[in-house]
$ cat work.cif   # mmCIF, C-alpha atoms and all ligand atoms
data_final
#
loop_
_atom_site.label_atom_id
_atom_site.label_comp_id
_atom_site.auth_asym_id
_atom_site.auth_seq_id
_atom_site.Cartn_x
_atom_site.Cartn_y
_atom_site.Cartn_z
CA MET A 1 99.29 116.97 113.58
CA THR A 2 102.37 114.77 113.92
CA SER A 3 103.76 113.78 110.53
CA ARG A 4 103.68 110.14 109.56
CA ILE A 5 106.26 108.62 107.28
CA LEU A 6 105.62 105.92 104.67
CA VAL A 7 108.60 103.52 104.60
CA SER A 8 109.61 100.73 102.21
CA ALA A 9 109.06 97.48 104.09
CA CYS A 10 112.50 96.20 103.06
CA LEU A 11 114.15 99.20 104.74
CA LEU A 12 112.39 98.19 107.96
CA GLY A 13 113.99 94.77 107.76
CA ARG A 14 111.28 92.76 106.02
CA PRO A 15 112.85 90.26 103.58
CA VAL A 16 110.54 91.14 100.68
CA ARG A 17 112.95 92.21 97.92
CA TYR A 18 113.01 90.37 94.59
CA ASN A 19 115.96 88.33 95.88
CA GLY A 20 114.28 87.44 99.17
CA GLN A 21 116.43 89.83 101.18
CA ALA A 22 115.81 92.94 103.28
CA LYS A 23 117.76 96.21 103.06
CA PRO A 24 117.57 97.36 106.69
CA VAL A 25 118.36 100.95 107.63
CA LEU A 26 119.46 101.56 111.20
CA HIS A 27 118.91 105.06 112.52
CA ALA A 28 117.91 106.43 115.91
CA ALA A 29 115.20 108.61 114.37
CA LEU A 30 113.58 105.59 112.73
CA ASP A 31 113.56 103.76 116.10
CA ARG A 32 112.00 106.78 117.75
CA TRP A 33 109.37 107.26 115.05
CA GLN A 34 108.59 103.55 115.22
CA ARG A 35 107.98 103.82 119.00
CA GLU A 36 105.82 106.88 118.39
CA GLY A 37 103.70 104.94 115.89
CA ARG A 38 104.61 107.27 113.03
CA LEU A 39 105.99 104.74 110.53
CA VAL A 40 103.72 103.18 107.93
CA SER A 41 105.29 100.18 106.22
CA VAL A 42 104.49 99.39 102.59
CA CYS A 43 105.80 97.16 99.80
CA PRO A 44 104.19 98.15 96.52
CA GLU A 45 105.31 94.98 94.75
CA LEU A 46 103.83 92.68 97.41
CA SER A 47 100.66 94.78 97.38
CA ALA A 48 100.41 94.07 93.66
CA GLY A 49 100.60 90.35 94.35
CA PHE A 50 104.21 89.57 93.42
CA PRO A 51 105.79 86.64 95.28
CA VAL A 52 109.11 86.57 97.13
CA PRO A 53 111.47 85.86 95.49
CA ARG A 54 110.58 87.14 92.02
CA PRO A 55 112.53 87.93 88.86
CA PRO A 56 114.29 91.31 88.89
CA ALA A 57 112.52 94.06 86.93
CA GLU A 58 113.66 97.37 85.46
CA ILE A 59 112.04 100.25 83.59
CA ALA A 60 112.91 99.68 79.92
CA ASN A 61 114.97 101.87 77.61
CA GLY A 62 116.50 104.13 80.25
CA GLN A 63 113.12 105.67 81.04
CA SER A 64 111.60 106.46 84.43
CA GLY A 65 108.57 106.01 86.66
CA GLU A 66 107.24 109.35 85.40
CA ASP A 67 107.32 107.92 81.87
CA VAL A 68 105.48 104.80 83.05
CA LEU A 69 102.78 106.95 84.67
CA SER A 70 102.44 108.85 81.41
CA ASP A 71 102.15 105.59 79.44
CA ARG A 72 105.43 106.23 77.62
CA ALA A 73 107.45 103.40 79.20
CA ARG A 74 107.13 99.79 80.32
CA VAL A 75 108.41 97.81 83.29
CA VAL A 76 109.90 94.48 82.24
CA GLU A 77 111.28 91.52 84.12
CA ALA A 78 114.65 89.99 83.26
CA THR A 79 112.60 87.14 81.73
CA GLY A 80 111.12 89.64 79.23
CA ALA A 81 107.66 89.63 80.82
CA ASP A 82 105.86 92.99 80.76
CA VAL A 83 104.77 93.74 84.34
CA THR A 84 103.84 97.40 83.86
CA ASP A 85 100.23 97.00 84.97
CA LEU A 86 101.23 95.31 88.23
CA TYR A 87 103.79 98.04 88.99
CA LEU A 88 101.10 100.66 88.45
CA GLN A 89 98.74 98.68 90.68
CA GLY A 90 101.40 98.56 93.42
CA ALA A 91 102.04 102.29 93.13
CA TRP A 92 98.34 103.14 93.49
CA ALA A 93 98.07 100.77 96.46
CA ALA A 94 101.02 102.52 98.16
CA LEU A 95 99.48 105.94 97.49
CA SER A 96 96.22 104.77 98.99
CA VAL A 97 98.00 103.58 102.16
CA ALA A 98 99.92 106.87 102.36
CA GLN A 99 96.76 108.92 102.02
CA GLU A 100 94.80 106.77 104.47
CA HIS A 101 97.51 107.35 107.10
CA ARG A 102 98.09 110.98 106.09
CA CYS A 103 101.78 110.46 105.35
CA ARG A 104 103.45 113.67 104.19
CA PHE A 105 106.86 112.07 103.79
CA ALA A 106 108.20 108.79 102.43
CA LEU A 107 111.51 106.98 102.90
CA LEU A 108 111.89 104.56 100.00
CA ALA A 109 114.56 102.07 98.92
CA ASP A 110 116.62 103.64 96.15
CA GLY A 111 117.29 101.88 92.84
CA SER A 112 114.03 99.91 92.78
CA PRO A 113 111.74 100.25 89.74
CA SER A 114 108.97 100.87 92.31
CA CYS A 115 110.62 102.68 95.22
CA GLY A 116 113.73 104.28 93.65
CA SER A 117 113.73 108.04 94.08
CA SER A 118 117.17 109.32 93.07
CA PHE A 119 118.34 106.56 90.74
CA ILE A 120 117.02 103.49 88.94
CA TYR A 121 118.49 100.96 86.49
CA ASP A 122 118.35 101.39 82.73
CA GLY A 123 116.42 98.32 81.62
CA GLN A 124 119.41 96.35 80.32
CA PHE A 125 119.94 94.30 83.53
CA ALA A 126 123.63 95.21 83.35
CA GLY A 127 123.83 97.12 86.65
CA ARG A 128 123.79 100.53 84.91
CA LYS A 129 122.16 103.28 86.95
CA HIS A 130 120.70 106.57 85.84
CA GLU A 131 118.97 109.45 87.58
CA GLY A 132 115.24 109.01 87.96
CA ALA A 133 112.48 107.60 90.13
CA GLY A 134 110.52 104.36 90.17
CA VAL A 135 106.79 104.14 89.54
CA THR A 136 105.66 104.39 93.19
CA ALA A 137 108.03 107.24 94.07
CA ALA A 138 106.90 109.18 91.00
CA LEU A 139 103.22 108.68 91.83
CA LEU A 140 103.68 109.73 95.47
CA ARG A 141 105.50 112.89 94.33
CA ARG A 142 102.71 113.69 91.88
CA HIS A 143 100.41 113.68 94.90
CA GLY A 144 102.53 116.00 97.01
CA ILE A 145 104.32 113.47 99.20
CA GLU A 146 108.00 114.29 99.78
CA VAL A 147 110.07 111.23 98.93
CA PHE A 148 113.57 110.57 100.31
CA ALA A 149 116.03 107.77 99.57
CA GLU A 150 117.77 105.91 102.40
CA SER A 151 120.96 107.85 101.60
CA GLU A 152 119.00 111.04 102.35
CA ILE A 153 117.76 110.01 105.79
CA GLU A 154 119.49 112.93 107.52
CA ALA A 155 117.66 115.35 105.23
CA LEU A 156 114.39 113.55 106.01
CA VAL A 157 115.05 113.84 109.76
CA ARG A 158 115.71 117.58 109.41
CA ARG A 159 112.57 117.99 107.31
CA VAL A 160 110.32 116.00 109.67
CA GLU A 161 111.69 117.54 112.87
CA GLY A 162 111.68 121.03 111.34
CA ASN A 163 108.11 120.43 110.30
CA ALA A 164 107.17 119.32 113.83
CA ALA A 165 108.79 122.45 115.30
CA ALA A 166 106.70 124.60 112.97
CA GLU A 167 103.44 122.96 114.03
FE1 LIG A 201 111.42 97.19 99.01
FE2 LIG A 201 109.90 98.74 97.48
FE3 LIG A 201 111.04 96.58 96.44
FE4 LIG A 201 109.04 96.30 98.16
S1 LIG A 201 108.90 97.25 96.14
S2 LIG A 201 110.96 95.15 98.18
S3 LIG A 201 109.39 97.99 99.54
S4 LIG A 201 112.10 98.38 97.24
#
$ encode --input "work.cif" --output "structure tokens"
Amino acid sequence: MTSRILVSACLLGRPVRYNGQAKPVLHAALDRWQREGRLVSVCPELSAGFPVPRPPAEIANGQSGEDVLSDRARVVEATGADVTDLYLQGAWAALSVAQEHRCRFALLADGSPSCGSSFIYDGQFAGRKHEGAGVTAALLRRHGIEVFAESEIEALVRRVEGNAAAE
């Protein structure tokens, strides 16, 4: 079976980020997969009902999406509002879409408290990054989906094409 790839909607050019912008990634493989009907677009935060724009949010106290899934950490907006439950809701919605479309891989926007997969911000809203994943990326990984950041797209291409060659 041809692998499908779950992709953050903002990486596909949809202006759905907290600041109303997109974060488009241009790559020949993405164009090809799009033509082949293999890309599945998702925005966990929109799925949870957040508007565009919305206040920025970070995982508090330098913790990670794994900690949120284990009920050891909270997601807070810059306003101080606790939005943990909505971030969890968005993550489960994204997992459901991924499973429905049998996505084995995901390409997610790094740095986001939902989609980040190699780094996120530390909860102080001071632009400080640390290693770790957002809530959606952590949940997808718990369910066996291989998650890549946009900076790792070449590795994703090798993985997907290598996978296709093995099938
Ligand atoms: Fe992009 Fe993910 Fe944020 Fe949606 S939740 S805007 S897909 S990074």
$ residues_near_ligand --input "work.cif" --ligand "ligand LIG 201 (chain A)" --cutoff "6 Å" --atoms "all atoms listed in the file" --output "list in words"
Ser8, Ala9, Cys10, Val16, Arg17, Val42, Cys43, Pro44, Glu45, Ala109, Ser112, Ser114 and Cys115 of chain A
$ atom_distance --input "work.cif" --atom1 "CA of Arg32 in chain A" --atom2 "CA of Glu152 in chain A"
17.4 Å
$ residues_near_point --input "work.cif" --point "(119.4, 95.4, 81.2)" --cutoff "10 Å" --atoms "all atoms listed in the file" --output "PyMOL selection string"
chain A and resi 57-62+76-78+121-128
$ atom_distance --input "work.cif" --atom1 "CA of Phe105 in chain A" --atom2 "CA of Ser117 in chain A"
12.6 Å
$ residues_around --input "work.cif" --residues "Leu95 in chain A" --least-positions-apart "6" --cutoff "8 Å" --atoms "only C-alpha atoms" --output "VMD selection string"
chain A and resid 136 139 to 140
$ residues_around --input "work.cif" --residues "Leu69 in chain A" --least-positions-apart "5" --cutoff "8 Å" --atoms "only C-alpha atoms" --output "PyMOL selection string"
chain A and resi 88+135+138-139
$ closest_residue --input "work.cif" --among "A:Val25, A:Pro53, A:His143, A:Ala48" --to "Gln99 in chain A" --atoms "all atoms listed in the file"
A:His143
$ axis_aligned_box --input "work.cif" --around "range 140-148 of chain A" --padding-each-side "4 Å" --output "lines of an AutoDock Vina configuration file"
center_x = 107.0
center_y = 112.9
center_z = 96.1
size_x = 21.2
size_y = 14.3
size_z = 16.4
$ closest_residue --input "work.cif" --among "A:Arg74, A:Arg35, A:Arg54, A:Arg4" --to "Gly134 in chain A" --atoms "only C-alpha atoms"
A:Arg74
$ atom_distance --input "work.cif" --atom1 "CA of Ser47 in chain A" --atom2 "CA of Ala91 in chain A"
8.7 Å
$ closest_residue --input "work.cif" --among "A:Pro15, A:Gly116, A:Gly111, A:Gly37" --to "Ser3 in chain A" --atoms "only C-alpha atoms"
A:Gly37
$ closest_residue --input "work.cif" --among "A:Ala155, A:Leu12, A:Thr79, A:Ala149" --to "Pro24 in chain A" --atoms "only C-alpha atoms"
A:Leu12
$ closest_residue --input "work.cif" --among "A:Ile5, A:Ala22, A:Leu30, A:Leu46" --to "Arg102 in chain A" --atoms "all atoms listed in the file"
A:Ile5
$ closest_residue --input "work.cif" --among "A:Gly20, A:Gly144, A:Gly162, A:Pro113" --to "Gly65 in chain A" --atoms "all atoms listed in the file"
A:Pro113
$ residues_near_point --input "work.cif" --point "(116.5, 104.3, 107.6)" --cutoff "7 Å" --atoms "all atoms listed in the file" --output "ChimeraX atom specification"
/A:11,25-27,30,150,153
$ residues_around --input "work.cif" --residues "Thr2 in chain A" --least-positions-apart "3" --cutoff "10 Å" --atoms "all atoms listed in the file" --output "PDB file with C-alpha atoms, keeping the file's coordinate frame"
ATOM      1  CA  ILE A   5     106.260 108.620 107.280  1.00  0.00           C
ATOM      2  CA  GLU A  36     105.820 106.880 118.390  1.00  0.00           C
ATOM      3  CA  ARG A  38     104.610 107.270 113.030  1.00  0.00           C
ATOM      4  CA  ARG A 102      98.090 110.980 106.090  1.00  0.00           C
ATOM      5  CA  CYS A 103     101.780 110.460 105.350  1.00  0.00           C
ATOM      6  CA  ARG A 104     103.450 113.670 104.190  1.00  0.00           C
ATOM      7  CA  VAL A 160     110.320 116.000 109.670  1.00  0.00           C
ATOM      8  CA  GLU A 161     111.690 117.540 112.870  1.00  0.00           C
ATOM      9  CA  ASN A 163     108.110 120.430 110.300  1.00  0.00           C
ATOM     10  CA  ALA A 164     107.170 119.320 113.830  1.00  0.00           C
ATOM     11  CA  GLU A 167     103.440 122.960 114.030  1.00  0.00           C
TER      12      GLU A 167
END
$ residues_around --input "work.cif" --residues "Ser118 in chain A" --least-positions-apart "6" --cutoff "7 Å" --atoms "only C-alpha atoms" --output "VMD selection string"
chain A and resid 110 131 to 133 149
